[in-house]
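Below you'll find the structure, written out as structure tokens, and then a few comments.
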Amino acid sequence: MSAQPRQAPWSDSYDEWRADAADPAFSEWLRSGSEPEWTAVVTHPFAASITRGLTPDEAMRRYLVQDFQFVDSFTALLGAAVAAADNFESRVPFGRFLGETATTEEKTYFHRALAALGASEAELTAPPLEPVTADFRALMDEARRSLDYPAILAVLCVAEWSYLGWASLAGEPLPGGPGGPGSFVHREWIELHEG
């Protein structure tokens, strides 16, 4: 991957860390080593405003336009995960997730939400990309082309764990319900990402 690895801020090796860890997963060790940046990402005020149904329509439209551009590269990366995994059992979860992303659930959400928010056809098909969108798409495309299973898995994990962290901020009842703030745009965004 072209990004330079940063010096790990944690001092224990994985083996030392997991001896006392409540959740000894390797991914949790990596996540804990990215603090405080990780918490800053998952508690970002913009994500919190989505989970409370308080994001203004214009801001939500701009965000979803960019996020929709992410979906194409993400879908291709999921396909690469299916191809690069070393056995059938490892391929199945990626194949299932690929089906959910490429069919009705996620694709339909973006089309309905962006239509409700007044997005133009040009915003759906060829919007100017924000630098962070272009950079993350390039990272996903690089991982996909590599067919390096650990690199693919790392990029997918960060992306999905970020979304899960954001969606986990939502309380009950979800926004977009009767009499509550927000709309289906907010509620379904949470539902897509909380599991």
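Residues are referred to by chain and number: the chain letter is A, B, ... according to the order shown in the structure tokens, the number counts from 1 in that chain, and ligands are numbered separately from 1 in the order shown.
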
Set out as a tab-separated table a contact list for range 17-115 of chain A and range 142-166 of chain A with a cut-off of 6 Å, giving each residue of range 17-115 of chain A that qualifies its closest atom pair and distance in Å to one decimal, counting only C-alpha atoms, ordered by chain and rising residue number.
residue	atom	partner	partner_atom	distance
A:Val42	CA	A:Gly165	CA	5.1
A:Ala47	CA	A:Trp166	CA	5.7
A:Leu77	CA	A:Arg144	CA	5.1
A:Ala80	CA	A:Arg144	CA	5.5
A:Ala84	CA	A:Tyr149	CA	5.3

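For Glu194 in chain A, the list of residues within 7 Å, based on only C-alpha atoms and with local chain neighbours fewer than 2 positions off taken out, reads Leu164, Ala167, Ser168, Ile190, Glu191 and Leu192 of chain A.
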
Quick one: write out the picked residues with N, CA, C and O atoms as a compact mmCIF listing (two decimals), in the first residue's frame?
# COMPACT_ATOMS: atom_id res chain seq x y z
N LEU A 164 -19.83 1.42 11.35
CA LEU A 164 -20.47 0.81 12.52
C LEU A 164 -20.32 1.71 13.74
O LEU A 164 -21.28 1.89 14.50
N ALA A 167 -22.83 4.58 13.28
CA ALA A 167 -24.23 4.16 13.43
C ALA A 167 -24.54 3.75 14.87
O ALA A 167 -25.67 3.90 15.33
N SER A 168 -23.52 3.28 15.58
CA SER A 168 -23.72 2.86 16.98
C SER A 168 -24.05 4.03 17.89
O SER A 168 -24.49 3.82 19.03
N ILE A 190 -28.63 4.74 9.16
CA ILE A 190 -28.25 4.04 10.39
C ILE A 190 -28.48 2.55 10.24
O ILE A 190 -27.61 1.73 10.56
N GLU A 191 -29.64 2.17 9.74
CA GLU A 191 -29.97 0.75 9.61
C GLU A 191 -29.00 0.02 8.68
O GLU A 191 -28.65 -1.13 8.93
N LEU A 192 -28.56 0.69 7.63
CA LEU A 192 -27.59 0.07 6.70
C LEU A 192 -26.25 -0.19 7.38
O LEU A 192 -25.55 -1.14 7.04

Apply DSSP to the backbone of this structure and, from range 1-113 of chain A, keep only the residues in helix (DSSP H, G or I); write these as a tab-separated table (two decimals) with N, CA, C and O atoms, in the first residue's frame.
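Saved file part.tsv follows:
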chain	number	residue	atom	x	y	z
A	14	TYR	N	1.48	-7.77	20.30
A	14	TYR	CA	0.14	-8.34	20.32
A	14	TYR	C	0.03	-9.44	21.39
A	14	TYR	O	-0.93	-9.49	22.15
A	15	ASP	N	1.04	-10.31	21.46
A	15	ASP	CA	1.00	-11.40	22.43
A	15	ASP	C	0.94	-10.88	23.87
A	15	ASP	O	0.21	-11.42	24.71
A	16	GLU	N	1.71	-9.82	24.16
A	16	GLU	CA	1.67	-9.23	25.50
A	16	GLU	C	0.32	-8.59	25.77
A	16	GLU	O	-0.26	-8.74	26.85
A	17	TRP	N	-0.21	-7.89	24.80
A	17	TRP	CA	-1.48	-7.17	24.94
A	17	TRP	C	-2.63	-8.13	25.16
A	17	TRP	O	-3.47	-7.93	26.03
A	18	ARG	N	-2.69	-9.20	24.36
A	18	ARG	CA	-3.86	-10.09	24.43
A	18	ARG	C	-3.93	-10.89	25.72
A	18	ARG	O	-4.99	-11.39	26.07
A	26	PHE	N	-7.09	-9.56	17.13
A	26	PHE	CA	-5.98	-8.81	16.54
A	26	PHE	C	-6.47	-7.45	16.03
A	26	PHE	O	-5.80	-6.44	16.22
A	27	SER	N	-7.65	-7.43	15.42
A	27	SER	CA	-8.19	-6.16	14.92
A	27	SER	C	-8.43	-5.17	16.06
A	27	SER	O	-8.25	-3.97	15.89
A	28	GLU	N	-8.83	-5.66	17.21
A	28	GLU	CA	-9.03	-4.78	18.37
A	28	GLU	C	-7.70	-4.21	18.85
A	28	GLU	O	-7.61	-3.05	19.26
A	29	TRP	N	-6.65	-4.99	18.80
A	29	TRP	CA	-5.32	-4.50	19.15
A	29	TRP	C	-4.90	-3.38	18.20
A	29	TRP	O	-4.41	-2.34	18.62
A	30	LEU	N	-5.13	-3.59	16.91
A	30	LEU	CA	-4.80	-2.55	15.93
A	30	LEU	C	-5.63	-1.29	16.16
A	30	LEU	O	-5.11	-0.18	16.12
A	31	ARG	N	-6.94	-1.47	16.42
A	31	ARG	CA	-7.81	-0.33	16.66
A	31	ARG	C	-7.37	0.43	17.90
A	31	ARG	O	-7.26	1.65	17.90
A	32	SER	N	-7.08	-0.28	18.97
A	32	SER	CA	-6.67	0.39	20.20
A	32	SER	C	-5.36	1.14	20.01
A	32	SER	O	-5.13	2.17	20.66
A	37	GLU	N	-7.05	8.92	17.61
A	37	GLU	CA	-7.63	9.21	16.29
A	37	GLU	C	-8.91	8.41	16.04
A	37	GLU	O	-9.87	8.93	15.48
A	38	TRP	N	-8.91	7.14	16.47
A	38	TRP	CA	-10.09	6.31	16.21
A	38	TRP	C	-11.33	6.89	16.88
A	38	TRP	O	-12.37	7.03	16.24
A	39	THR	N	-11.23	7.25	18.13
A	39	THR	CA	-12.38	7.83	18.83
A	39	THR	C	-12.81	9.14	18.20
A	39	THR	O	-14.00	9.42	18.09
A	40	ALA	N	-11.85	9.94	17.75
A	40	ALA	CA	-12.19	11.20	17.08
A	40	ALA	C	-13.01	10.94	15.81
A	40	ALA	O	-13.95	11.68	15.50
A	41	VAL	N	-12.68	9.88	15.09
A	41	VAL	CA	-13.43	9.54	13.87
A	41	VAL	C	-14.84	9.09	14.21
A	41	VAL	O	-15.82	9.60	13.66
A	42	VAL	N	-14.98	8.13	15.12
A	42	VAL	CA	-16.30	7.55	15.35
A	42	VAL	C	-17.22	8.44	16.18
A	42	VAL	O	-18.43	8.20	16.22
A	45	PRO	N	-18.73	15.02	15.17
A	45	PRO	CA	-20.02	15.69	15.29
A	45	PRO	C	-20.94	15.50	14.08
A	45	PRO	O	-22.16	15.42	14.24
A	46	PHE	N	-20.38	15.41	12.88
A	46	PHE	CA	-21.25	15.21	11.70
A	46	PHE	C	-21.95	13.86	11.77
A	46	PHE	O	-23.16	13.77	11.55
A	47	ALA	N	-21.21	12.81	12.09
A	47	ALA	CA	-21.83	11.49	12.22
A	47	ALA	C	-22.87	11.49	13.34
A	47	ALA	O	-23.96	10.92	13.19
A	48	ALA	N	-22.55	12.15	14.43
A	48	ALA	CA	-23.50	12.23	15.54
A	48	ALA	C	-24.78	12.95	15.12
A	48	ALA	O	-25.88	12.58	15.53
A	49	SER	N	-24.65	13.97	14.27
A	49	SER	CA	-25.85	14.70	13.83
A	49	SER	C	-26.71	13.82	12.93
A	49	SER	O	-27.94	13.92	12.97
A	50	ILE	N	-26.10	12.93	12.14
A	50	ILE	CA	-26.90	12.00	11.32
A	50	ILE	C	-27.68	11.07	12.23
A	50	ILE	O	-28.87	10.85	12.04
A	51	THR	N	-27.03	10.53	13.24
A	51	THR	CA	-27.68	9.54	14.10
A	51	THR	C	-28.78	10.16	14.97
A	51	THR	O	-29.62	9.44	15.49
A	57	ASP	N	-30.62	19.06	5.34
A	57	ASP	CA	-30.75	18.37	4.06
A	57	ASP	C	-29.59	18.66	3.11
A	57	ASP	O	-29.08	17.76	2.46
A	58	GLU	N	-29.17	19.91	3.01
A	58	GLU	CA	-28.08	20.26	2.08
A	58	GLU	C	-26.78	19.55	2.46
A	58	GLU	O	-26.07	19.02	1.60
A	59	ALA	N	-26.47	19.52	3.75
A	59	ALA	CA	-25.25	18.84	4.20
A	59	ALA	C	-25.37	17.33	3.98
A	59	ALA	O	-24.39	16.68	3.57
A	60	MET	N	-26.54	16.77	4.24
A	60	MET	CA	-26.74	15.34	4.04
A	60	MET	C	-26.62	15.00	2.56
A	60	MET	O	-26.03	13.99	2.20
A	61	ARG	N	-27.17	15.84	1.68
A	61	ARG	CA	-27.08	15.61	0.24
A	61	ARG	C	-25.62	15.61	-0.20
A	61	ARG	O	-25.18	14.71	-0.91
A	62	ARG	N	-24.85	16.61	0.22
A	62	ARG	CA	-23.43	16.68	-0.16
A	62	ARG	C	-22.67	15.45	0.33
A	62	ARG	O	-21.86	14.88	-0.40
A	63	TYR	N	-22.94	15.04	1.54
A	63	TYR	CA	-22.29	13.85	2.09
A	63	TYR	C	-22.66	12.60	1.30
A	63	TYR	O	-21.80	11.81	0.90
A	64	LEU	N	-23.96	12.40	1.06
A	64	LEU	CA	-24.39	11.18	0.36
A	64	LEU	C	-23.92	11.15	-1.09
A	64	LEU	O	-23.64	10.07	-1.62
A	65	VAL	N	-23.81	12.30	-1.74
A	65	VAL	CA	-23.26	12.35	-3.09
A	65	VAL	C	-21.84	11.80	-3.08
A	65	VAL	O	-21.46	10.97	-3.92
A	66	GLN	N	-21.04	12.23	-2.11
A	66	GLN	CA	-19.66	11.74	-2.01
A	66	GLN	C	-19.64	10.26	-1.61
A	66	GLN	O	-18.88	9.46	-2.16
A	67	ASP	N	-20.48	9.88	-0.65
A	67	ASP	CA	-20.51	8.51	-0.18
A	67	ASP	C	-20.93	7.55	-1.29
A	67	ASP	O	-20.43	6.43	-1.38
A	68	PHE	N	-21.83	7.98	-2.15
A	68	PHE	CA	-22.27	7.14	-3.27
A	68	PHE	C	-21.11	6.88	-4.24
A	68	PHE	O	-21.02	5.81	-4.83
A	69	GLN	N	-20.20	7.82	-4.37
A	69	GLN	CA	-19.04	7.62	-5.23
A	69	GLN	C	-18.09	6.59	-4.65
A	69	GLN	O	-17.32	5.95	-5.36
A	70	PHE	N	-18.14	6.42	-3.37
A	70	PHE	CA	-17.35	5.44	-2.65
A	70	PHE	C	-17.84	4.02	-2.94
A	70	PHE	O	-17.07	3.08	-2.98
A	71	VAL	N	-19.15	3.88	-3.18
A	71	VAL	CA	-19.78	2.57	-3.28
A	71	VAL	C	-19.22	1.75	-4.44
A	71	VAL	O	-19.02	0.54	-4.30
A	72	ASP	N	-18.93	2.35	-5.56
A	72	ASP	CA	-18.43	1.59	-6.71
A	72	ASP	C	-17.09	0.93	-6.38
A	72	ASP	O	-16.91	-0.29	-6.57
A	73	SER	N	-16.14	1.70	-5.87
A	73	SER	CA	-14.85	1.13	-5.51
A	73	SER	C	-14.98	0.12	-4.37
A	73	SER	O	-14.28	-0.90	-4.34
A	74	PHE	N	-15.88	0.39	-3.44
A	74	PHE	CA	-16.10	-0.52	-2.32
A	74	PHE	C	-16.66	-1.86	-2.81
A	74	PHE	O	-16.22	-2.93	-2.38
A	75	THR	N	-17.60	-1.81	-3.75
A	75	THR	CA	-18.17	-3.02	-4.31
A	75	THR	C	-17.10	-3.85	-5.03
A	75	THR	O	-17.03	-5.07	-4.87
A	76	ALA	N	-16.25	-3.17	-5.81
A	76	ALA	CA	-15.15	-3.87	-6.48
A	76	ALA	C	-14.19	-4.48	-5.47
A	76	ALA	O	-13.68	-5.60	-5.67
A	77	LEU	N	-13.94	-3.78	-4.37
A	77	LEU	CA	-13.05	-4.30	-3.34
A	77	LEU	C	-13.66	-5.54	-2.67
A	77	LEU	O	-12.95	-6.51	-2.37
A	78	LEU	N	-14.96	-5.55	-2.46
A	78	LEU	CA	-15.61	-6.74	-1.93
A	78	LEU	C	-15.44	-7.92	-2.88
A	78	LEU	O	-15.20	-9.05	-2.45
A	79	GLY	N	-15.57	-7.66	-4.18
A	79	GLY	CA	-15.34	-8.72	-5.17
A	79	GLY	C	-13.92	-9.25	-5.09
A	79	GLY	O	-13.69	-10.47	-5.20
A	80	ALA	N	-12.96	-8.38	-4.88
A	80	ALA	CA	-11.57	-8.80	-4.73
A	80	ALA	C	-11.39	-9.64	-3.47
A	80	ALA	O	-10.60	-10.59	-3.45
A	81	ALA	N	-12.13	-9.29	-2.41
A	81	ALA	CA	-12.04	-10.09	-1.17
A	81	ALA	C	-12.55	-11.50	-1.42
A	81	ALA	O	-11.96	-12.47	-0.93
A	82	VAL	N	-13.63	-11.62	-2.19
A	82	VAL	CA	-14.14	-12.95	-2.54
A	82	VAL	C	-13.07	-13.71	-3.32
A	82	VAL	O	-12.78	-14.88	-3.03
A	83	ALA	N	-12.44	-13.06	-4.29
A	83	ALA	CA	-11.44	-13.72	-5.12
A	83	ALA	C	-10.17	-14.05	-4.35
A	83	ALA	O	-9.55	-15.10	-4.57
A	84	ALA	N	-9.75	-13.19	-3.45
A	84	ALA	CA	-8.46	-13.35	-2.77
A	84	ALA	C	-8.52	-14.23	-1.52
A	84	ALA	O	-7.48	-14.72	-1.08
A	88	PHE	N	-13.44	-21.37	0.83
A	88	PHE	CA	-14.86	-21.11	0.66
A	88	PHE	C	-15.47	-20.43	1.87
A	88	PHE	O	-16.22	-19.46	1.74
A	89	GLU	N	-15.16	-20.93	3.07
A	89	GLU	CA	-15.74	-20.36	4.29
A	89	GLU	C	-15.38	-18.90	4.45
A	89	GLU	O	-16.18	-18.11	4.96
A	90	SER	N	-14.20	-18.51	4.04
A	90	SER	CA	-13.79	-17.11	4.11
A	90	SER	C	-14.48	-16.27	3.04
A	90	SER	O	-14.69	-15.07	3.23
A	91	ARG	N	-14.81	-16.87	1.92
A	91	ARG	CA	-15.45	-16.13	0.82
A	91	ARG	C	-16.92	-15.81	1.09
A	91	ARG	O	-17.45	-14.80	0.64
A	92	VAL	N	-17.60	-16.70	1.82
A	92	VAL	CA	-19.05	-16.59	1.99
A	92	VAL	C	-19.49	-15.25	2.60
A	92	VAL	O	-20.39	-14.60	2.06
A	93	PRO	N	-18.91	-14.78	3.72
A	93	PRO	CA	-19.39	-13.50	4.27
A	93	PRO	C	-19.19	-12.33	3.30
A	93	PRO	O	-20.03	-11.44	3.20
A	94	PHE	N	-18.07	-12.36	2.57
A	94	PHE	CA	-17.83	-11.29	1.60
A	94	PHE	C	-18.82	-11.37	0.44
A	94	PHE	O	-19.31	-10.36	-0.05
A	95	GLY	N	-19.12	-12.58	0.00
A	95	GLY	CA	-20.10	-12.75	-1.08
A	95	GLY	C	-21.48	-12.29	-0.66
A	95	GLY	O	-22.19	-11.63	-1.42
A	96	ARG	N	-21.86	-12.61	0.58
A	96	ARG	CA	-23.16	-12.18	1.09
A	96	ARG	C	-23.23	-10.65	1.16
A	96	ARG	O	-24.20	-10.04	0.74
A	97	PHE	N	-22.16	-10.06	1.68
A	97	PHE	CA	-22.12	-8.59	1.81
A	97	PHE	C	-22.10	-7.93	0.43
A	97	PHE	O	-22.74	-6.91	0.21
A	98	LEU	N	-21.39	-8.54	-0.51
A	98	LEU	CA	-21.36	-8.02	-1.89
A	98	LEU	C	-22.77	-8.00	-2.47
A	98	LEU	O	-23.19	-7.01	-3.08
A	99	GLY	N	-23.52	-9.08	-2.24
A	99	GLY	CA	-24.90	-9.13	-2.73
A	99	GLY	C	-25.77	-8.05	-2.13
A	99	GLY	O	-26.57	-7.41	-2.82
A	100	GLU	N	-25.61	-7.79	-0.83
A	100	GLU	CA	-26.39	-6.74	-0.17
A	100	GLU	C	-26.03	-5.37	-0.72
A	100	GLU	O	-26.89	-4.51	-0.89
A	101	THR	N	-24.75	-5.15	-0.97
A	101	THR	CA	-24.30	-3.83	-1.43
A	101	THR	C	-24.71	-3.58	-2.87
A	101	THR	O	-25.14	-2.47	-3.21
A	102	ALA	N	-24.59	-4.59	-3.70
A	102	ALA	CA	-24.81	-4.39	-5.14
A	102	ALA	C	-26.27	-4.52	-5.55
A	102	ALA	O	-26.61	-4.20	-6.69
A	104	THR	N	-30.50	-4.50	-3.87
A	104	THR	CA	-31.51	-3.56	-3.42
A	104	THR	C	-31.15	-2.71	-2.22
A	104	THR	O	-31.40	-1.51	-2.23
A	105	GLU	N	-30.58	-3.28	-1.18
A	105	GLU	CA	-30.46	-2.53	0.07
A	105	GLU	C	-29.69	-1.22	-0.07
A	105	GLU	O	-30.24	-0.15	0.13
A	106	GLU	N	-28.43	-1.30	-0.36
A	106	GLU	CA	-27.61	-0.09	-0.37
A	106	GLU	C	-27.83	0.76	-1.62
A	106	GLU	O	-28.00	1.96	-1.54
A	107	LYS	N	-27.83	0.13	-2.78
A	107	LYS	CA	-28.01	0.88	-4.03
A	107	LYS	C	-29.35	1.62	-4.03
A	107	LYS	O	-29.42	2.80	-4.36
A	108	THR	N	-30.40	0.92	-3.66
A	108	THR	CA	-31.73	1.55	-3.65
A	108	THR	C	-31.78	2.70	-2.65
A	108	THR	O	-32.36	3.74	-2.93
A	109	TYR	N	-31.13	2.52	-1.49
A	109	TYR	CA	-31.12	3.59	-0.50
A	109	TYR	C	-30.54	4.87	-1.10
A	109	TYR	O	-31.13	5.95	-0.98
A	110	PHE	N	-29.39	4.78	-1.73
A	110	PHE	CA	-28.75	5.97	-2.27
A	110	PHE	C	-29.63	6.64	-3.31
A	110	PHE	O	-29.79	7.87	-3.29
A	111	HIS	N	-30.22	5.89	-4.20
A	111	HIS	CA	-31.07	6.48	-5.23
A	111	HIS	C	-32.29	7.18	-4.61
A	111	HIS	O	-32.61	8.32	-4.99
A	112	ARG	N	-32.95	6.52	-3.66
A	112	ARG	CA	-34.13	7.13	-3.02
A	112	ARG	C	-33.75	8.33	-2.18
A	112	ARG	O	-34.42	9.37	-2.22
A	113	ALA	N	-32.67	8.20	-1.39
A	113	ALA	CA	-32.28	9.29	-0.50
A	113	ALA	C	-31.83	10.51	-1.29
A	113	ALA	O	-32.23	11.64	-0.98
